[in-house]
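Here the structure comes first, spelled out in structure tokens, and everything after it is commentary.
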Amino acid sequence: MNFKTLKNYVAVLILVVSSYATVSAQSNQFYIDKYSPVAQEMMQEHGVPASVILAIAMHESAHGNSKIAKNLNNHFGIKGKNNSKVINSAYKGYKSVLDSYNDFISLVKRKKTTTPLFEEDRGQNYKAWVGALAKAGYSRTKDWSSKIIKTIEMYDLDNFDKNPAPISRKLTASK
């Protein structure tokens, strides 16, 4: 392989990588724009910080692009039964994405490690919430907590904890 050919391969590789980064960033922002009102509403109603809700959903669903998100409306990686004829999965199926968000809140409320946070850190201290969920065994991946916190900080999701949106239920019927 000569230098000119190698140079062309490198140029194409750089173009592909930069295109992927642009598409990925757009996908992330689209997800945040679409689901931040739901996360903020749930924070107001239940006390789980919107940043935690969004970051976990983004991480577990690959920003809404994973197979379980697309086929089962499961944005939180919650295991359970489903009736899908499209994919064979151990993950729970939902009628809508909003049902997935509601089930996540129910799951968090059942965890003993998060119970005190509903009183002490209602809508605040995302690091404490992520730590409590990790301690409760939400994920078996060792670096799960750091990935969730990194997502919150990378996208400034904690701003949604400080500036709650008015309650609207805009996505009640959306998938």
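Residues are referred to by chain and number: the chain letter is A, B, ... according to the order shown in the structure tokens, the number counts from 1 in that chain, and ligands are numbered separately from 1 in the order shown.
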What's around stretch 142-151 of chain A at 12 Å? Count only C-alpha atoms, leave out sequence neighbours fewer than 4 positions away in its own chain, and write the answer as a ChimeraX atom specification. /A:28,32,51-60,62-63,125-138,155-158
Which polymer residues have any atom within 12 Å of an atom of A:Asp161, counting only C-alpha atoms, with same-chain residues fewer than 2 positions away left out, as a PyMOL selection string? chain A and resi 36-37+39-44+47-54+121-126+152+156-159+163-165
DSSP-assigned helix (DSSP H, G or I) members of stretch 6-173 of chain A, reported as a ChimeraX atom specification: /A:6-46,50-61,67-72,97-110,117-120,126-135,144-154,159-162
d(atom CA of A:Lys95, atom CA of A:Ser66) in Å: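 Between these atoms lies a distance of 16.4 Å.
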With distances taken over only C-alpha atoms, which residue among A:His75, A:Lys112, A:His46, A:Lys85 lies nearest A:Leu98?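 Looking only at the distances to A:Leu98, the closest residue turns out to be A:His75.
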re atom CA of A:Asp33 and atom CA of A:Ser89: distance 28.3 Å
Tell me which protein, DNA and RNA residues are within 10 Å of A:Asn83, counting only C-alpha atoms, leaving out same-chain ones fewer than 3 positions away, and put them as a PyMOL selection string. chain A and resi 72+86-89+92-94
Dump N, CA, C and O atoms for the selected residues as a short mmCIF file (atom, residue, chain, number, x, y, z; two decimals), in the first residue's frame?
```
data_model
loop_
_atom_site.label_atom_id
_atom_site.label_comp_id
_atom_site.auth_asym_id
_atom_site.auth_seq_id
_atom_site.Cartn_x
_atom_site.Cartn_y
_atom_site.Cartn_z
N LEU A 72 -39.81 -3.06 22.65
CA LEU A 72 -40.53 -3.33 23.89
C LEU A 72 -40.88 -2.06 24.67
O LEU A 72 -41.47 -2.14 25.75
N VAL A 86 -41.36 -10.14 17.86
CA VAL A 86 -40.28 -9.57 17.04
C VAL A 86 -38.91 -9.95 17.58
O VAL A 86 -38.02 -10.31 16.81
N ILE A 87 -38.73 -9.86 18.90
CA ILE A 87 -37.44 -10.21 19.49
C ILE A 87 -37.66 -11.16 20.67
O ILE A 87 -38.67 -11.10 21.36
N ASN A 88 -36.68 -12.01 20.88
CA ASN A 88 -36.68 -12.91 22.03
C ASN A 88 -35.83 -12.23 23.10
O ASN A 88 -34.64 -12.03 22.90
N SER A 89 -36.44 -11.86 24.20
CA SER A 89 -35.75 -11.06 25.19
C SER A 89 -36.23 -11.38 26.60
O SER A 89 -37.39 -11.73 26.81
N LYS A 92 -38.68 -6.75 30.04
CA LYS A 92 -40.11 -6.49 30.15
C LYS A 92 -40.59 -5.63 28.98
O LYS A 92 -39.90 -4.71 28.55
N GLY A 93 -41.78 -5.94 28.50
CA GLY A 93 -42.39 -5.17 27.44
C GLY A 93 -43.44 -4.21 28.00
O GLY A 93 -44.10 -4.52 29.00
N TYR A 94 -43.57 -3.06 27.37
CA TYR A 94 -44.52 -2.04 27.80
C TYR A 94 -45.37 -1.58 26.62
O TYR A 94 -44.90 -1.60 25.48
#
```
